[in-house]
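Scroll down for the structure; my scribbles are underneath it.
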Amino acid sequence: MSKRNEGEGALLGTGGRRWKLIRGNLDMYLLLIPGLIFLLLFKYTPMYGIIIAFQDFNIFGGISGSEWVGTAQFERLWHSDEFLQVLINTLLISLYKITILFPIPIVIALMLNEVRRMFFKRTIQTIIYLPHFLSWVIISGLFLNILSPSGGIVNEIIRSFGGEPISFFTDNGLFRSLVVFTAGWKEIGWNAIVFIAAIAGIEQEQYEAAAIDGAGRIRQMWSISLPGMLPTIVLMFILRIGSLLEAGTEQILTMYNPLVYESGDVIGTFVYRMGLGQQDYSFSTAVGLFNSAVGFLLIVIGNMLSRKFLNRSIW
Amino acid sequence: MYRRTAKDFALDGLIYVVLVMMGLITLLPFVNVFSKSISEEWAILAGQVGIFPVGFQLDTMKFVVTNSQFLNSLWISVLITVIGTLASLLITALTAYPLSKRELPGMGIVIVLFIFTMMFNGGIIPNYLLIRELGLINNLGSLIYPALISVFNLLVIKSYFESLPTSLEESAKLEGANNFTILFRIILPLSGPVLATIGLFYAVQFWNDYFHPMLYINSSSLKPLQLYLQDIVMNADTSSALDKSADDLMNVPAEGVRSATVIASTIPILLVYPFLQKYFIKGVLIGSVKG
Amino acid sequence: MQKAYKLMSVMAMSALLVTTMAACAGNNGKNNEGSGNGTNGGTEATAKPDAEKPGLKRLNVWQNDDYNAYPVAKLLEEKTGYKVQYDMLPQDKWAEKLNLIMSSGEAYDIVTSYSDMALYSDYAQKGALVDLTPLIEEFGPNIKAAIKPESMEALKVNGKLYAIPTTVTYEINSSILIRTDWLDKLGLSMPTTTDELTNVLKQFKEQDPGGNGDRNVPLTIKGDQSMIDNLVGAFGIANTWNDVDGKLVSRVMDPAYKDYVAYVGSLYEQGLIDREFVANKDATAKEKFASGVAGAIVVHWADIPAISDSLTKTKPEAKFAFIPALKGPNGEAGFAANAGFDRLTYVPKASNNPEEAIKWINASLETETFKNMAIGVEGTHYNVVDGAYEPIQPIFTDERNLANNYMAGTDEENYPQYWQARVRKNPVMFEAFSFLNNETAAEAKIKNVLGLAPYMQQYSKTNQQLGTMVGDYTVKLIAGAESIEGLADFQSKFMSSGGEAVSKEINDWYATTK
């Protein structure tokens with residue numbers, strides 16, 4: 001045991017001090033072993049598995065027994081109309097989620113900050129944080145239920161105003177809106193927490209000084225609260241952009257059905273359907289690799305921006 | 001104290017109205033589905049159930065919570081959540097401790113290796129193939145092992161360890177304690193709140209996971225609650241694309257049963273919600289401030 | 001050194017802790033399975049599972065009850081001597097999960113899925129299934145006796161049989177359900193021709209017997225139901241593909257199509273068909289009828305219990321019945337009659353015991369065992385009344401309701417009769433069912449010849465798309481959004497979108513059947 005560690009130590013450092021540090025903390029390195037095994041097995045082995053994107057993978061032959069096809073899968077991807085549609089769906093849903101759902105928590109935080117009755121504030125917070133803890137399966141179940149064309153409360157209301165019932169879950173024109181709305185319903189309250197904390201971090205004297213200068217509350221919100229939150233807002237925005245291609249796989253998986261593949265199929269669900277549902281392993285791995293690569297690029301760019309404007313790295 | 005102007009009152013009014021609306025929109029689906037779960041089936045079909053139940057009855061609820069499959073799935077979910085959370089906490093803390101000692105050679109590299117996996121991953125298919133190779137298909141391990149360390153949680157615990165004063169450790173070292181003893185005797189006892197927070201993060205993640213059981217679990221007896229639930233709630237409207245035979249049509253779960261199943265599955269979360277709220281908010285703030 | 005030793009032991013301890021916890025997790029499920037099965041271990045003195053007979057694993061379609069705990073599982077265990085462990089597919093998107101399981105190499109011995117010929121033939125051609133022909137020859141005398149040769153023939157892929165079918169048990173699905181109390185109120189009799197139907201609907205509209213005012217709807221249909229059962233038969237286009245002078249012709253290419261559209265279009269124009277039918281979902285249409293707003297609706301007989309429950313609660317005086325096969329202007333009449341398969345059962349290559357699987361299926365198809373599985377024991381689960389099987393409730397529902405999910409093939413001669421006991425569970429439903437299936441004259445049951453056709457590639461691939469295309473077009477014609485003048489254009493579009501290829505394929509096959 002100790003022999004092996006010596007070997008490792010020699011690899012890691014040559015300086016006497018480093019060597020001593022390692023020697024004195026061998027048990028620290030032992031502690032790291034389970035984590036390292038986990039990291040290699042469950043994080044890096046799948047990365048090696050990506051090479052099947054360059055094969056025509058046969059599940060019975062394994063990686064070594066499958067034929068290499070170079071970039072054929074990627075060429076197929078560029079020429080696939082279906083993939084194009086999936087990419088468009090992903091971007092649309094994601095952009096709707098960002099443009100509509102990103103600003104609302106900021107507004108909510110500003111509003112909650114204005115509430116002076118603590119009981120009311122607490123109650124509202126308790127209620128609007130709740131959906132965050134529910135699984136997508138439950139939320140889809142709730143919405144399938146209330147939006148059902150047969151006896152769902154929403155359609156009953158539509159009907160009582162003389163409208164025609166709408167089948168939200170099977171309508172290609174509405175499905176994306178449904179996805180965005182339910183995502184908002186689940187996370188808006190929760191996403192406000194960070195902004196509430198950011199406002200709480202603003203010094204109270206600033207508000208007092210502004211009040212003495214005669215600034216009204218709207219004015220205070222605009223010129224003190226909002227600028228005070230700005231670094232947090234920018235940071236959150238950059239993080240959000242980093243996951244542009246994650247339009248909500250698990251959410252959509254629990255909500256969609258063949259009738260709305262056209263509008264609701266996103267990269268994550270497409271990879272599942274093609275790869276595991278139809279055994280097109282290599283092609284869907286290529287799609288997955290495309291997804292990971294773009295995601296990686298976005299995060300790296302985001303971090304560069306964050307360093308430039310906020311002087312901090314996002315991790 | 002400043003004097004409230006008419007404009008202030010208008011603003012307050014607006015704020016209260018908007019926030020109350022938010023609260024109602026959040027609550028109404030629960031209230032409606034809850035009412036359905038305790039209403040008579042005919043009233044649900046006739047679209048008469050809104051906020052209040054019509055034809056109060058508890059048979060549907062009883063039927064749902066005494067269903068052997070529901071109970072089995074509930075048990076599986078509890079099992080995964082408890083074991084998964086404890087195991088994850090242990091391994092995450094074990095890994096975070098050495099990583100919090102940046103001065104030790106090699107730790108920086110390991111941190112980078114971990115962070116890299118936050119930005120780039122193998123994707124669904126390679127992960128599936130790995131689980132298959134490991135023989136974990138249709139084994140509850142497939143839901144636990146790959147989720148043992150969340151890098152985000154790891155970083156949160158690591159930052160917390162870094163923030164602890166080093167004097168305690170140093171004096172323990174002088175008394176001859178090894179790092180192992182220090183971690184378990186000194187560091188972990190000081191980390192109660194952060195461990196509780198991260199434990200809840202893990203617990204909610206294990207409890208709510210639908211995607212992985214859907215991929216990896218085949219046996220009915222190993223299905224977690226979320227998987228069981230998805231089968232029950234999938235609306236007949238959306239699955240009618242398949243031409244079902246008459247036998248299936250005769251045995252579709254009733255609307256009331258679906259509602260009751262959703263409500264029954266929500267209750268465990270509601271029970272622990274006070275803790276969740278308290279510790280989760282802390283966790284989110286630690287994460288965003290330290291992250 | 002001592003320190004290092006201590007450390008290692010602690011490390012080993014914690015590693016052990018994690019693995020044992022995980023092992024608990026793994027085992028627990030298995031223990032659970034055991035106990036699940038154990039609970040239904042009966043008191044009767046019966047054949048314990050044979051030591052030589054291995055346990056079998058079977059994958060089934062979704063049901064809202066535990067397969068392993070349901071009484072039929074126990075019955076089959078007693079009768080066959082095999083212990084079978086059942087798993088099920090999800091309800092939602094089952095085909096994807098089935099693909100996933102088939103490719104994961106999970107060793108199921110028997111898999112039963114909904115009948116999807118494309119999927120089945122794909123598995124067969126990929127070599128994922130065991131060729132059953134020799135196994136049935138050797139171990140399957142009951143299978144050979146129970147399943148008709150033509151059923152087996154239809155399932156052959158490249159001359160080999162890979163699946164055992166469960167054939168459909170009844171012929172007619174749906175017709176127009178009409179409020180007979182409305183008829184009585186207006187002194188009208190049940191319509192027998194399309195003209196009489198028009199008149200009845202007119203009276204419903206003008207006289208509003210339900211007192212619904214503006215909301216009154218004479219006949220409601222759902223938006224994707226442009227081919228109205230019963231009415232299509234009156235125009236000689238009962239099935240999607242009908243025999244015209246010895247060749248199979250799609251409805252839209254049929255000369256009678258124009259007449260059909262003209263008739264239904266005129267009903268719509270006069271406001272006799274739900275004005276809003278285009279937007280109607282299945283449930284919306286049902287709700288209109290169930291709440292007493294609509295006088296007639298097109299439904300499957302199996303939907304009747306739900307509708308009936310709801311309707312009698314809201315309108316206690318309501319009565320309804322199916323309209324018999326209406327005669328069209330040329331005297332034609334009839335219903336599309338089902339033929340084909342409901343489920344397919346096959347043995348995957350990954351199975352460890354293909355022989356035992358076939359032996360089990362064979363044992364389950366033994367005449368008495370099958371009868372017991374299907375309807376139970378006389379005097380306990382059913383009585384014979386006037387030659388028909390009358391279920392005894394509630395035990396019939398409790399113990400045999402889901403029996404059809406356990407079947408791997410049926411006694412094709414007798415099962416349709418046994419099966420009717422299931423429909424008798426609900427007298428209202430049975431009356432409607434029986435009216436359509438038992439009282440309709442044989443010549444008015446127009447068989448879908450394609451039901452027993454073997455797998456045909458073009459047909460499986462595009463028929464559904466073509467169906468949707470024709471359906472959408474027909475809706476537009478009926479609702480007046482398209483003019484019948486454009487029919488020729490649509491027909492050529494239909495042919496070029498795969499209609500021509502399908503037509504050729506199925507007619508090549510059809511020619512061989514004569």
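Here's how to read the names in the structure tokens: chain A, B, ... by the order shown, residue numbers from 1 in each chain, ligand numbers from 1 in the order shown.
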Residues within 7 Å of Leu31 (chain A), please, as a list in words. Count only C-alpha atoms; anything in the same chain fewer than 2 positions from it doesn't count.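 Contacts, with the query itself left out: Asp27, Met28, Tyr29 and Ile33 of chain A; Leu94, Thr95 and Pro98 of chain B.
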Chain A contacts on chain C, only C-alpha atoms, 6 Å, as a list of chain:residue names: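 The selection requested is C:Glu96, C:Asn99, C:Leu100, C:Ala283, C:Thr284.
Proximity of B:Ile38, B:Val110, B:Leu222, B:Ile186 to chain C, computed with only C-alpha atoms, is greatest for B:Leu222.
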Polymer residues at most 8 Å from region 395-405 of chain C, only C-alpha atoms, same-chain spacing of 6 or more positions, as a list in words: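 Contacts, in chain order: Asp247 of chain B; Asn60, Val61, Gln63, Tyr70, Pro71, Val72, Met373, Ala374, Ile375, Gly376, Thr380, His381, Tyr382, Arg422 and Lys425 of chain C.
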Looking at only C-alpha atoms, which of C:Lys313, C:Lys371, C:Arg251, C:Lys205 is the one that sits closest to Ala294 (chain C)?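 Between C:Lys313, C:Lys371, C:Arg251, C:Lys205, the residue approaching Ala294 (chain C) most closely is C:Lys205.
If you measure from each of B:Phe9, B:Phe30, B:Phe184, B:Phe280 to chain C using only C-alpha atoms, the closest one turns out to be B:Phe184.
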Identify all chain B residues at most 6 Å from chain C by counting only C-alpha atoms; ligands do not count. Present them as number ranges by chain. B: 42, 139-140, 219-222, 231, 246, 250
Provide the CA of Leu27 (chain B) to CA of Ile127 (chain A) distance in Å, to one decimal place.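 The value is 7.3 Å.
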Do you know which residues are at most 9 Å from region 185-196 of chain C counting only C-alpha atoms, after dropping those on the same chain fewer than 6 positions away, and could you put them as JSON, numbers by chain? {"C": [178, 203, 204, 207, 209, 231, 234, 263, 323, 324, 325, 326, 327, 328, 329, 331, 333]}
Mind checking which residues fall within 10 Å of region 210-224 of chain A, counting only C-alpha atoms, ignoring those fewer than 4 positions away in the same chain, and posting them as a ChimeraX atom specification? /A:110-111,113-114,199,202-203,205-206,228-229 /B:1-2,4-5,7-8,11
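Excluding Gly55 (chain B) and any residue on its chain fewer than 3 positions from it, the residues at most 8 Å away by only C-alpha atoms are Ile38, Ser39, Glu40 and Ala43 of chain B.
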Selection near region 68-77 of chain B, 6 Å with only C-alpha atoms, sequence-local residues under 2 positions removed, as number ranges by chain: B: 79-81, 223-225
Give the answer as one residue: which of B:Ile182, B:Ala203, B:Leu188, B:Ile125 has the shortest atom-to-atom distance to chain A, using only C-alpha atoms? B:Ile125
Which parts of region 20-167 of chain A does DSSP call strand (DSSP E or B) when run on the backbone here, written out as a PDB file with N, CA and C atoms, in the first residue's frame?
ATOM      1  N   GLN A  55     -19.228   5.354 -34.681  1.00  0.00           N
ATOM      2  CA  GLN A  55     -19.361   3.963 -35.110  1.00  0.00           C
ATOM      3  C   GLN A  55     -20.775   3.714 -35.603  1.00  0.00           C
ATOM      4  N   ASP A  56     -20.952   2.497 -36.121  1.00  0.00           N
ATOM      5  CA  ASP A  56     -22.317   2.029 -36.305  1.00  0.00           C
ATOM      6  C   ASP A  56     -22.500   0.998 -35.207  1.00  0.00           C
ATOM      7  N   GLU A  67     -18.527  -1.417 -36.147  1.00  0.00           N
ATOM      8  CA  GLU A  67     -17.847  -0.849 -37.304  1.00  0.00           C
ATOM      9  C   GLU A  67     -17.653   0.661 -37.144  1.00  0.00           C
ATOM     10  N   TRP A  68     -16.478   1.144 -37.577  1.00  0.00           N
ATOM     11  CA  TRP A  68     -16.220   2.591 -37.517  1.00  0.00           C
ATOM     12  C   TRP A  68     -16.774   3.262 -38.766  1.00  0.00           C
TER      13      TRP A  68
END
Picked from region 245-484 of chain C by DSSP as helix (DSSP H, G or I), as a count of residues only: 123
